Amino acid sequence: MLLDTASLYFRAYFGVPDSVRAPDGTPVNAVRGLLEFITRLVQDHHPDELVACMDADWRPQWRVELIPSYKAHRVAVETEAGPDEEEVPDTLSPQVPIIEEVLDAFGIARVGVAGYEADDVIGTLAGCAAGPVDIVTGDRDLYQLVDDARGVRVLYPLKGVGMMQTTDEAVLREKYGVDGPGYADLALLRGDPSDGLPGVPGIGEKTAAKLLDAFGDLAGIMAAVDDPASRLTPSQRKRLDESRAYVAVAPKVVRVAGDVPMPDFDPALPTRARDPQRLEELAVRWGLGRAVHRLLTELGA
């Protein structure tokens, strides 16, 4: 089980009231919500391995160099020495180090790699997994990794974490008319304002799906642009032709990396806390006793 950790703690932050606070008044709604997410996931799905994948760089420079608008609207502070700072709610940022400390005390593997997003870590780990993989995310971008043959599916939270959409190839075909790799091409063509991806003007989701159905993949669509006999409409041919520069670089930006250099880590789901004393200190300091106890009980079970 691979967690898109930032996606989940963002959902927890907005789903759990900010009245959930530590004894000193610090909001810990995202921390508690994430722990409750993990408890429910372990309870419902019984993973053998669990990895909390992290954004060591939420806006990698190599993606920005290809498409400068990539996530540009979410930059809070530009920095020359390292990754730009992402605009996040004031009361969420201080909770992220607490989340990291608590996961480490539990012994839940936490992996982020400099220069890469959590999506890239997930893509690499899913690609080299020996058995079935559940990816837990509120980000549809990771639908591109769905692969029935390899047992890779996405668990997408619909309401909290108790109601999850299990996304396999059948769900993708029903909703979007594509398979996993086809979803990346679909997203590339239609664009994504939330990520600063312009897409091809005039090509929305339905049109992109029809083009992929007719021509197979992005390469097939672009080959059709050069084929006067292809069944593209004049406006589609014109828009795609004018978007060649974007289409040439967008695949590397949109598709998750599958070759991230991984550090050594143990992905095994712990059955007890790695550092019980530290975990107890954190639970007391941040008022997380019940959430910590519930997860410990579930791990022990």
# chains A, B, ... in the order shown; residues from 1 in each chain; ligands from 1
>>> residues_around(residues="A:Val64", least_positions_apart="3", cutoff="12 Å", atoms="only C-alpha atoms", output="list of chain:residue names")
A:Asp57, A:Trp58, A:Arg59, A:Pro60, A:Gln61, A:Ile67, A:Pro68, A:Ser69, A:Tyr70, A:Lys71, A:Ala72, A:Val75, A:Pro83, A:Asp84, A:Gly115, A:Asp195, A:Gly196, A:Leu197, A:Val249, A:Ala250, A:Lys252, A:Val253, A:Val254
>>> closest_atom_pairs(of="stretch 192-293 of chain A", to="stretch 8-23 of chain A", cutoff="9 Å", atoms="only C-alpha atoms", output="JSON lines")
{"residue": "A:Val284", "atom": "CA", "partner": "A:Pro23", "partner_atom": "CA", "distance": 8.5}
{"residue": "A:Arg285", "atom": "CA", "partner": "A:Ala22", "partner_atom": "CA", "distance": 6.9}
{"residue": "A:Trp286", "atom": "CA", "partner": "A:Ala22", "partner_atom": "CA", "distance": 4.4}
{"residue": "A:Gly287", "atom": "CA", "partner": "A:Ala22", "partner_atom": "CA", "distance": 4.8}
{"residue": "A:Leu288", "atom": "CA", "partner": "A:Ala22", "partner_atom": "CA", "distance": 7.7}
>>> residues_around(residues="A:Val51", least_positions_apart="4", cutoff="9 Å", atoms="only C-alpha atoms", output="VMD selection string")
chain A and resid 1 to 4 108 to 111 122 266 to 269
>>> residues_around(residues="stretch 35-39 of chain A", least_positions_apart="6", cutoff="12 Å", atoms="only C-alpha atoms", output="mmCIF file with N, CA and C atoms, in the first residue's frame")
data_model
loop_
_atom_site.group_PDB
_atom_site.id
_atom_site.type_symbol
_atom_site.label_atom_id
_atom_site.label_comp_id
_atom_site.auth_asym_id
_atom_site.auth_seq_id
_atom_site.Cartn_x
_atom_site.Cartn_y
_atom_site.Cartn_z
ATOM 1 N N MET A 1 0.847 -1.187 0.000
ATOM 2 C CA MET A 1 0.000 0.000 0.000
ATOM 3 C C MET A 1 0.885 1.240 0.000
ATOM 4 N N LEU A 2 0.663 2.099 -0.993
ATOM 5 C CA LEU A 2 1.455 3.318 -1.145
ATOM 6 C C LEU A 2 0.552 4.520 -0.889
ATOM 7 N N LEU A 3 0.911 5.342 0.078
ATOM 8 C CA LEU A 3 0.114 6.496 0.444
ATOM 9 C C LEU A 3 0.653 7.755 -0.228
ATOM 10 N N ASP A 4 -0.216 8.474 -0.908
ATOM 11 C CA ASP A 4 0.105 9.809 -1.373
ATOM 12 C C ASP A 4 -0.137 10.725 -0.173
ATOM 13 N N THR A 5 0.863 10.816 0.680
ATOM 14 C CA THR A 5 0.673 11.332 2.036
ATOM 15 C C THR A 5 0.137 12.756 2.066
ATOM 16 N N SER A 7 -1.581 14.359 -0.168
ATOM 17 C CA SER A 7 -2.978 14.352 -0.605
ATOM 18 C C SER A 7 -3.902 13.954 0.534
ATOM 19 N N LEU A 8 -3.484 12.975 1.322
ATOM 20 C CA LEU A 8 -4.327 12.484 2.417
ATOM 21 C C LEU A 8 -4.354 13.449 3.589
ATOM 22 N N TYR A 9 -3.213 14.069 3.928
ATOM 23 C CA TYR A 9 -3.295 14.982 5.074
ATOM 24 C C TYR A 9 -3.967 16.300 4.693
ATOM 25 N N PHE A 10 -3.927 16.684 3.416
ATOM 26 C CA PHE A 10 -4.736 17.830 2.984
ATOM 27 C C PHE A 10 -6.215 17.516 3.169
ATOM 28 N N ARG A 11 -6.630 16.314 2.767
ATOM 29 C CA ARG A 11 -8.031 15.928 2.928
ATOM 30 C C ARG A 11 -8.408 15.859 4.406
ATOM 31 N N ALA A 12 -7.493 15.340 5.211
ATOM 32 C CA ALA A 12 -7.760 15.270 6.643
ATOM 33 C C ALA A 12 -7.905 16.671 7.229
ATOM 34 N N TYR A 13 -7.048 17.582 6.782
ATOM 35 C CA TYR A 13 -7.078 18.960 7.292
ATOM 36 C C TYR A 13 -8.436 19.613 7.036
ATOM 37 N N GLY A 15 -11.200 17.951 6.312
ATOM 38 C CA GLY A 15 -12.306 17.091 6.725
ATOM 39 C C GLY A 15 -12.505 17.000 8.226
ATOM 40 N N VAL A 16 -11.456 17.333 8.990
ATOM 41 C CA VAL A 16 -11.527 17.273 10.455
ATOM 42 C C VAL A 16 -11.538 18.714 10.979
ATOM 43 N N VAL A 28 -4.213 20.197 15.420
ATOM 44 C CA VAL A 28 -3.632 18.912 15.011
ATOM 45 C C VAL A 28 -4.667 18.100 14.243
ATOM 46 N N ASN A 29 -5.606 18.797 13.576
ATOM 47 C CA ASN A 29 -6.657 18.083 12.851
ATOM 48 C C ASN A 29 -6.113 17.243 11.699
ATOM 49 N N HIS A 45 -7.975 -3.211 4.588
ATOM 50 C CA HIS A 45 -7.239 -3.787 3.458
ATOM 51 C C HIS A 45 -6.070 -4.686 3.850
ATOM 52 N N HIS A 46 -5.663 -4.674 5.096
ATOM 53 C CA HIS A 46 -4.623 -5.586 5.610
ATOM 54 C C HIS A 46 -3.366 -5.636 4.738
ATOM 55 N N PRO A 47 -2.742 -4.502 4.471
ATOM 56 C CA PRO A 47 -1.528 -4.539 3.642
ATOM 57 C C PRO A 47 -0.371 -5.220 4.373
ATOM 58 N N LEU A 50 3.496 -0.984 3.856
ATOM 59 C CA LEU A 50 2.859 0.334 3.815
ATOM 60 C C LEU A 50 3.949 1.392 3.728
ATOM 61 N N VAL A 51 3.863 2.244 2.721
ATOM 62 C CA VAL A 51 4.867 3.289 2.550
ATOM 63 C C VAL A 51 4.165 4.638 2.441
ATOM 64 N N ALA A 52 4.527 5.559 3.320
ATOM 65 C CA ALA A 52 4.036 6.931 3.248
ATOM 66 C C ALA A 52 4.959 7.698 2.308
ATOM 67 N N ILE A 98 5.047 17.316 12.600
ATOM 68 C CA ILE A 98 4.456 16.417 13.611
ATOM 69 C C ILE A 98 4.072 15.095 12.961
ATOM 70 N N ILE A 99 3.445 15.169 11.791
ATOM 71 C CA ILE A 99 3.084 13.955 11.045
ATOM 72 C C ILE A 99 4.326 13.101 10.798
ATOM 73 N N GLU A 100 5.393 13.737 10.366
ATOM 74 C CA GLU A 100 6.620 12.995 10.064
ATOM 75 C C GLU A 100 7.184 12.328 11.314
ATOM 76 N N VAL A 102 5.562 11.442 14.058
ATOM 77 C CA VAL A 102 4.669 10.374 14.516
ATOM 78 C C VAL A 102 4.830 9.129 13.641
ATOM 79 N N LEU A 103 4.886 9.298 12.326
ATOM 80 C CA LEU A 103 5.076 8.149 11.436
ATOM 81 C C LEU A 103 6.394 7.450 11.740
ATOM 82 N N PHE A 106 6.152 5.418 14.924
ATOM 83 C CA PHE A 106 5.411 4.178 14.669
ATOM 84 C C PHE A 106 6.279 3.152 13.943
ATOM 85 N N ILE A 108 6.455 3.417 10.531
ATOM 86 C CA ILE A 108 5.852 3.365 9.198
ATOM 87 C C ILE A 108 6.823 4.014 8.216
ATOM 88 N N VAL A 136 -3.157 4.818 -2.502
ATOM 89 C CA VAL A 136 -4.213 5.586 -1.835
ATOM 90 C C VAL A 136 -3.951 7.069 -2.071
ATOM 91 N N THR A 137 -4.862 7.721 -2.787
ATOM 92 C CA THR A 137 -4.649 9.114 -3.159
ATOM 93 C C THR A 137 -5.968 9.795 -3.464
ATOM 94 N N PRO A 157 -10.455 8.269 -2.147
ATOM 95 C CA PRO A 157 -11.442 8.584 -1.110
ATOM 96 C C PRO A 157 -12.584 9.444 -1.672
ATOM 97 N N LYS A 159 -15.530 9.928 0.452
ATOM 98 C CA LYS A 159 -16.007 10.605 1.651
ATOM 99 C C LYS A 159 -15.192 10.074 2.814
ATOM 100 N N GLY A 160 -14.330 10.935 3.354
ATOM 101 C CA GLY A 160 -13.417 10.447 4.389
ATOM 102 C C GLY A 160 -12.550 9.349 3.795
ATOM 103 N N VAL A 161 -12.315 8.316 4.570
ATOM 104 C CA VAL A 161 -11.591 7.153 4.052
ATOM 105 C C VAL A 161 -12.447 5.908 4.200
ATOM 106 N N GLY A 162 -13.646 6.074 4.753
ATOM 107 C CA GLY A 162 -14.549 4.942 4.904
ATOM 108 C C GLY A 162 -15.234 4.587 3.604
ATOM 109 N N MET A 163 -15.350 5.563 2.693
ATOM 110 C CA MET A 163 -15.973 5.318 1.393
ATOM 111 C C MET A 163 -14.919 5.549 0.319
ATOM 112 N N MET A 164 -14.400 4.444 -0.219
ATOM 113 C CA MET A 164 -13.318 4.527 -1.195
ATOM 114 C C MET A 164 -13.798 3.993 -2.540
ATOM 115 N N LEU A 269 4.834 -3.452 7.139
ATOM 116 C CA LEU A 269 3.914 -2.820 8.079
ATOM 117 C C LEU A 269 4.322 -3.222 9.493
ATOM 118 N N ALA A 283 2.267 11.579 21.592
ATOM 119 C CA ALA A 283 0.833 11.444 21.828
ATOM 120 C C ALA A 283 0.373 12.379 22.937
ATOM 121 N N LEU A 288 -2.842 13.278 21.051
ATOM 122 C CA LEU A 288 -3.191 12.289 20.024
ATOM 123 C C LEU A 288 -3.417 10.905 20.611
ATOM 124 N N GLY A 289 -3.625 10.827 21.917
ATOM 125 C CA GLY A 289 -3.668 9.531 22.586
ATOM 126 C C GLY A 289 -4.629 8.539 21.966
ATOM 127 N N ARG A 290 -5.867 8.954 21.739
ATOM 128 C CA ARG A 290 -6.859 8.018 21.202
ATOM 129 C C ARG A 290 -6.498 7.549 19.799
ATOM 130 N N ALA A 291 -6.096 8.473 18.933
ATOM 131 C CA ALA A 291 -5.761 8.105 17.560
ATOM 132 C C ALA A 291 -4.539 7.188 17.521
ATOM 133 N N VAL A 292 -3.539 7.492 18.346
ATOM 134 C CA VAL A 292 -2.340 6.654 18.408
ATOM 135 C C VAL A 292 -2.693 5.269 18.937
ATOM 136 N N HIS A 293 -3.496 5.196 19.979
ATOM 137 C CA HIS A 293 -3.870 3.908 20.568
ATOM 138 C C HIS A 293 -4.646 3.056 19.561
ATOM 139 N N ARG A 294 -5.557 3.678 18.818
ATOM 140 C CA ARG A 294 -6.347 2.914 17.848
ATOM 141 C C ARG A 294 -5.458 2.320 16.763
ATOM 142 N N LEU A 295 -4.503 3.104 16.274
ATOM 143 C CA LEU A 295 -3.607 2.577 15.239
ATOM 144 C C LEU A 295 -2.700 1.495 15.806
ATOM 145 N N LEU A 296 -2.174 1.682 17.016
ATOM 146 C CA LEU A 296 -1.360 0.641 17.642
ATOM 147 C C LEU A 296 -2.136 -0.657 17.785
ATOM 148 N N THR A 297 -3.388 -0.545 18.226
ATOM 149 C CA THR A 297 -4.234 -1.738 18.396
ATOM 150 C C THR A 297 -4.431 -2.446 17.060
ATOM 151 N N GLU A 298 -4.665 -1.673 16.009
ATOM 152 C CA GLU A 298 -4.893 -2.267 14.677
ATOM 153 C C GLU A 298 -3.628 -2.921 14.151
ATOM 154 N N LEU A 299 -2.471 -2.290 14.360
ATOM 155 C CA LEU A 299 -1.212 -2.888 13.919
ATOM 156 C C LEU A 299 -0.937 -4.187 14.655
ATOM 157 N N GLY A 300 -1.216 -4.199 15.945
ATOM 158 C CA GLY A 300 -1.009 -5.406 16.747
ATOM 159 C C GLY A 300 -1.946 -6.534 16.371
ATOM 160 N N ALA A 301 -3.127 -6.158 15.878
ATOM 161 C CA ALA A 301 -4.095 -7.184 15.488
ATOM 162 C C ALA A 301 -3.699 -7.897 14.201
#
>>> select_by_dssp(residues="stretch 99-245 of chain A", states="strand (DSSP E)", output="list in words")
Ala109, Arg110, Val111, Val133, Asp134, Ile135, Val136, Val152, Arg153, Val154, Leu155, Tyr156, Pro157, Leu158, Lys159, Met163, Met164, Gln165, Thr166 and Thr167 of chain A
>>> closest_atom_pairs(of="stretch 104-135 of chain A", to="stretch 149-155 of chain A", cutoff="10 Å", atoms="only C-alpha atoms", output="tab-separated table")
residue	atom	partner	partner_atom	distance
A:Ala126	CA	A:Val152	CA	7.3
A:Gly127	CA	A:Arg150	CA	9.0
A:Ala129	CA	A:Arg150	CA	8.9
A:Ala130	CA	A:Arg150	CA	8.7
A:Gly131	CA	A:Gly151	CA	7.2
A:Pro132	CA	A:Gly151	CA	4.4
A:Val133	CA	A:Val152	CA	4.7
A:Asp134	CA	A:Arg153	CA	5.3
A:Ile135	CA	A:Val154	CA	4.7
>>> write_last_selection(atoms="N, CA, C and O atoms", output="PDB file, in the first residue's frame")
ATOM      1  N   ALA A 126       5.578   1.277  -7.365  1.00  0.00           N
ATOM      2  CA  ALA A 126       4.550   0.443  -7.990  1.00  0.00           C
ATOM      3  C   ALA A 126       5.136  -0.352  -9.147  1.00  0.00           C
ATOM      4  O   ALA A 126       4.779  -1.511  -9.363  1.00  0.00           O
ATOM      5  N   GLY A 127       6.054   0.278  -9.881  1.00  0.00           N
ATOM      6  CA  GLY A 127       6.636  -0.381 -11.044  1.00  0.00           C
ATOM      7  C   GLY A 127       7.525  -1.552 -10.701  1.00  0.00           C
ATOM      8  O   GLY A 127       7.662  -2.489 -11.500  1.00  0.00           O
ATOM      9  N   ALA A 129       7.216  -3.389  -7.777  1.00  0.00           N
ATOM     10  CA  ALA A 129       6.587  -4.261  -6.775  1.00  0.00           C
ATOM     11  C   ALA A 129       6.407  -5.672  -7.323  1.00  0.00           C
ATOM     12  O   ALA A 129       6.053  -5.861  -8.491  1.00  0.00           O
ATOM     13  N   ALA A 130       6.627  -6.644  -6.452  1.00  0.00           N
ATOM     14  CA  ALA A 130       6.501  -8.038  -6.862  1.00  0.00           C
ATOM     15  C   ALA A 130       5.050  -8.520  -6.842  1.00  0.00           C
ATOM     16  O   ALA A 130       4.695  -9.473  -7.531  1.00  0.00           O
ATOM     17  N   GLY A 131       4.212  -7.860  -6.040  1.00  0.00           N
ATOM     18  CA  GLY A 131       2.833  -8.288  -5.909  1.00  0.00           C
ATOM     19  C   GLY A 131       1.864  -7.159  -6.131  1.00  0.00           C
ATOM     20  O   GLY A 131       2.246  -6.072  -6.576  1.00  0.00           O
ATOM     21  N   PRO A 132       0.590  -7.375  -5.809  1.00  0.00           N
ATOM     22  CA  PRO A 132      -0.431  -6.342  -6.002  1.00  0.00           C
ATOM     23  C   PRO A 132      -0.128  -5.075  -5.204  1.00  0.00           C
ATOM     24  O   PRO A 132       0.493  -5.132  -4.148  1.00  0.00           O
ATOM     25  N   VAL A 133      -0.580  -3.949  -5.732  1.00  0.00           N
ATOM     26  CA  VAL A 133      -0.328  -2.650  -5.110  1.00  0.00           C
ATOM     27  C   VAL A 133      -1.631  -1.858  -5.026  1.00  0.00           C
ATOM     28  O   VAL A 133      -2.360  -1.756  -6.014  1.00  0.00           O
ATOM     29  N   ASP A 134      -1.902  -1.316  -3.847  1.00  0.00           N
ATOM     30  CA  ASP A 134      -2.975  -0.344  -3.676  1.00  0.00           C
ATOM     31  C   ASP A 134      -2.345   1.029  -3.465  1.00  0.00           C
ATOM     32  O   ASP A 134      -1.544   1.211  -2.549  1.00  0.00           O
ATOM     33  N   ILE A 135      -2.709   1.975  -4.327  1.00  0.00           N
ATOM     34  CA  ILE A 135      -2.252   3.363  -4.205  1.00  0.00           C
ATOM     35  C   ILE A 135      -3.401   4.163  -3.611  1.00  0.00           C
ATOM     36  O   ILE A 135      -4.508   4.165  -4.155  1.00  0.00           O
TER      37      ILE A 135
END
>>> atom_distance(atom1="atom CA of A:Ala248", atom2="atom CA of A:Leu189")
11.6 Å
>>> residues_around(residues="A:Tyr116", least_positions_apart="2", cutoff="12 Å", atoms="only C-alpha atoms", output="ChimeraX atom specification")
/A:53-63,83,111-114,118-124,253,256-262
>>> closest_residue(among="A:Asp104, A:Ala208, A:Asp185, A:Ile221", to="A:Asp275", atoms="only C-alpha atoms")
A:Asp104
>>> atom_distance(atom1="atom CA of A:Arg278", atom2="atom CA of A:Ala30")
19.7 Å
>>> atom_distance(atom1="atom CA of A:Thr26", atom2="atom CA of A:Leu279")
17.9 Å
>>> decode(residues="stretch 223-236 of chain A", atoms="all heavy atoms", output="PDB file, in the first residue's frame")
ATOM      1  N   ALA A 223       0.336  11.610 -35.217  1.00  0.00           N
ATOM      2  CA  ALA A 223       0.562  11.080 -36.569  1.00  0.00           C
ATOM      3  C   ALA A 223      -0.632  11.399 -37.462  1.00  0.00           C
ATOM      4  O   ALA A 223      -0.480  11.693 -38.658  1.00  0.00           O
ATOM      5  CB  ALA A 223       0.800   9.576 -36.510  1.00  0.00           C
ATOM      6  N   ALA A 224      -1.828  11.376 -36.883  1.00  0.00           N
ATOM      7  CA  ALA A 224      -3.036  11.692 -37.651  1.00  0.00           C
ATOM      8  C   ALA A 224      -3.047  13.145 -38.096  1.00  0.00           C
ATOM      9  O   ALA A 224      -3.632  13.485 -39.138  1.00  0.00           O
ATOM     10  CB  ALA A 224      -4.275  11.384 -36.803  1.00  0.00           C
ATOM     11  N   VAL A 225      -2.421  14.019 -37.299  1.00  0.00           N
ATOM     12  CA  VAL A 225      -2.339  15.435 -37.676  1.00  0.00           C
ATOM     13  C   VAL A 225      -1.610  15.581 -39.013  1.00  0.00           C
ATOM     14  O   VAL A 225      -1.954  16.429 -39.850  1.00  0.00           O
ATOM     15  CB  VAL A 225      -1.620  16.254 -36.581  1.00  0.00           C
ATOM     16  CG1 VAL A 225      -1.413  17.701 -37.024  1.00  0.00           C
ATOM     17  CG2 VAL A 225      -2.413  16.223 -35.280  1.00  0.00           C
ATOM     18  N   ASP A 226      -0.617  14.717 -39.232  1.00  0.00           N
ATOM     19  CA  ASP A 226       0.196  14.788 -40.451  1.00  0.00           C
ATOM     20  C   ASP A 226      -0.388  13.960 -41.597  1.00  0.00           C
ATOM     21  O   ASP A 226       0.189  13.938 -42.693  1.00  0.00           O
ATOM     22  CB  ASP A 226       1.614  14.319 -40.159  1.00  0.00           C
ATOM     23  CG  ASP A 226       2.336  15.221 -39.161  1.00  0.00           C
ATOM     24  OD1 ASP A 226       2.142  16.452 -39.250  1.00  0.00           O
ATOM     25  OD2 ASP A 226       3.066  14.702 -38.292  1.00  0.00           O
ATOM     26  N   ASP A 227      -1.489  13.271 -41.327  1.00  0.00           N
ATOM     27  CA  ASP A 227      -2.103  12.418 -42.341  1.00  0.00           C
ATOM     28  C   ASP A 227      -3.363  13.100 -42.873  1.00  0.00           C
ATOM     29  O   ASP A 227      -4.383  13.142 -42.185  1.00  0.00           O
ATOM     30  CB  ASP A 227      -2.449  11.067 -41.732  1.00  0.00           C
ATOM     31  CG  ASP A 227      -3.119  10.132 -42.718  1.00  0.00           C
ATOM     32  OD1 ASP A 227      -3.233  10.495 -43.908  1.00  0.00           O
ATOM     33  OD2 ASP A 227      -3.553   9.034 -42.301  1.00  0.00           O
ATOM     34  N   PRO A 228      -3.321  13.622 -44.079  1.00  0.00           N
ATOM     35  CA  PRO A 228      -4.492  14.325 -44.619  1.00  0.00           C
ATOM     36  C   PRO A 228      -5.737  13.450 -44.705  1.00  0.00           C
ATOM     37  O   PRO A 228      -6.858  13.963 -44.726  1.00  0.00           O
ATOM     38  CB  PRO A 228      -4.030  14.746 -46.024  1.00  0.00           C
ATOM     39  CG  PRO A 228      -2.531  14.689 -45.982  1.00  0.00           C
ATOM     40  CD  PRO A 228      -2.184  13.602 -45.012  1.00  0.00           C
ATOM     41  N   ALA A 229      -5.551  12.149 -44.732  1.00  0.00           N
ATOM     42  CA  ALA A 229      -6.688  11.242 -44.865  1.00  0.00           C
ATOM     43  C   ALA A 229      -7.307  10.875 -43.515  1.00  0.00           C
ATOM     44  O   ALA A 229      -8.335  10.195 -43.467  1.00  0.00           O
ATOM     45  CB  ALA A 229      -6.256   9.965 -45.592  1.00  0.00           C
ATOM     46  N   SER A 230      -6.689  11.296 -42.404  1.00  0.00           N
ATOM     47  CA  SER A 230      -7.213  10.930 -41.081  1.00  0.00           C
ATOM     48  C   SER A 230      -8.535  11.637 -40.813  1.00  0.00           C
ATOM     49  O   SER A 230      -8.867  12.639 -41.438  1.00  0.00           O
ATOM     50  CB  SER A 230      -6.202  11.276 -39.990  1.00  0.00           C
ATOM     51  OG  SER A 230      -6.066  12.678 -39.863  1.00  0.00           O
ATOM     52  N   ARG A 231      -9.273  11.085 -39.819  1.00  0.00           N
ATOM     53  CA  ARG A 231     -10.629  11.572 -39.556  1.00  0.00           C
ATOM     54  C   ARG A 231     -10.662  12.729 -38.542  1.00  0.00           C
ATOM     55  O   ARG A 231     -11.674  12.929 -37.883  1.00  0.00           O
ATOM     56  CB  ARG A 231     -11.506  10.419 -39.062  1.00  0.00           C
ATOM     57  CG  ARG A 231     -11.635   9.291 -40.067  1.00  0.00           C
ATOM     58  CD  ARG A 231     -12.691   8.282 -39.652  1.00  0.00           C
ATOM     59  NE  ARG A 231     -12.496   7.778 -38.307  1.00  0.00           N
ATOM     60  CZ  ARG A 231     -11.668   6.775 -37.996  1.00  0.00           C
ATOM     61  NH1 ARG A 231     -10.943   6.201 -38.941  1.00  0.00           N
ATOM     62  NH2 ARG A 231     -11.565   6.358 -36.757  1.00  0.00           N
ATOM     63  N   LEU A 232      -9.609  13.477 -38.433  1.00  0.00           N
ATOM     64  CA  LEU A 232      -9.625  14.676 -37.592  1.00  0.00           C
ATOM     65  C   LEU A 232     -10.460  15.767 -38.263  1.00  0.00           C
ATOM     66  O   LEU A 232     -10.431  15.915 -39.491  1.00  0.00           O
ATOM     67  CB  LEU A 232      -8.204  15.194 -37.377  1.00  0.00           C
ATOM     68  CG  LEU A 232      -7.274  14.381 -36.474  1.00  0.00           C
ATOM     69  CD1 LEU A 232      -5.857  14.934 -36.567  1.00  0.00           C
ATOM     70  CD2 LEU A 232      -7.753  14.409 -35.030  1.00  0.00           C
ATOM     71  N   THR A 233     -11.160  16.533 -37.458  1.00  0.00           N
ATOM     72  CA  THR A 233     -11.853  17.693 -38.018  1.00  0.00           C
ATOM     73  C   THR A 233     -10.820  18.779 -38.310  1.00  0.00           C
ATOM     74  O   THR A 233      -9.728  18.779 -37.724  1.00  0.00           O
ATOM     75  CB  THR A 233     -12.910  18.240 -37.047  1.00  0.00           C
ATOM     76  OG1 THR A 233     -12.240  18.813 -35.914  1.00  0.00           O
ATOM     77  CG2 THR A 233     -13.862  17.143 -36.575  1.00  0.00           C
ATOM     78  N   PRO A 234     -11.129  19.712 -39.205  1.00  0.00           N
ATOM     79  CA  PRO A 234     -10.169  20.792 -39.484  1.00  0.00           C
ATOM     80  C   PRO A 234      -9.753  21.560 -38.230  1.00  0.00           C
ATOM     81  O   PRO A 234      -8.575  21.905 -38.075  1.00  0.00           O
ATOM     82  CB  PRO A 234     -10.936  21.680 -40.468  1.00  0.00           C
ATOM     83  CG  PRO A 234     -11.893  20.754 -41.152  1.00  0.00           C
ATOM     84  CD  PRO A 234     -12.303  19.759 -40.099  1.00  0.00           C
ATOM     85  N   SER A 235     -10.700  21.812 -37.328  1.00  0.00           N
ATOM     86  CA  SER A 235     -10.348  22.578 -36.122  1.00  0.00           C
ATOM     87  C   SER A 235      -9.460  21.759 -35.197  1.00  0.00           C
ATOM     88  O   SER A 235      -8.522  22.296 -34.599  1.00  0.00           O
ATOM     89  CB  SER A 235     -11.608  23.025 -35.381  1.00  0.00           C
ATOM     90  OG  SER A 235     -12.361  21.913 -34.928  1.00  0.00           O
ATOM     91  N   GLN A 236      -9.723  20.446 -35.069  1.00  0.00           N
ATOM     92  CA  GLN A 236      -8.867  19.594 -34.241  1.00  0.00           C
ATOM     93  C   GLN A 236      -7.453  19.536 -34.806  1.00  0.00           C
ATOM     94  O   GLN A 236      -6.464  19.657 -34.068  1.00  0.00           O
ATOM     95  CB  GLN A 236      -9.457  18.182 -34.165  1.00  0.00           C
ATOM     96  CG  GLN A 236     -10.712  18.081 -33.328  1.00  0.00           C
ATOM     97  CD  GLN A 236     -11.403  16.735 -33.472  1.00  0.00           C
ATOM     98  OE1 GLN A 236     -11.041  15.924 -34.338  1.00  0.00           O
ATOM     99  NE2 GLN A 236     -12.405  16.493 -32.633  1.00  0.00           N
TER     100      GLN A 236
END
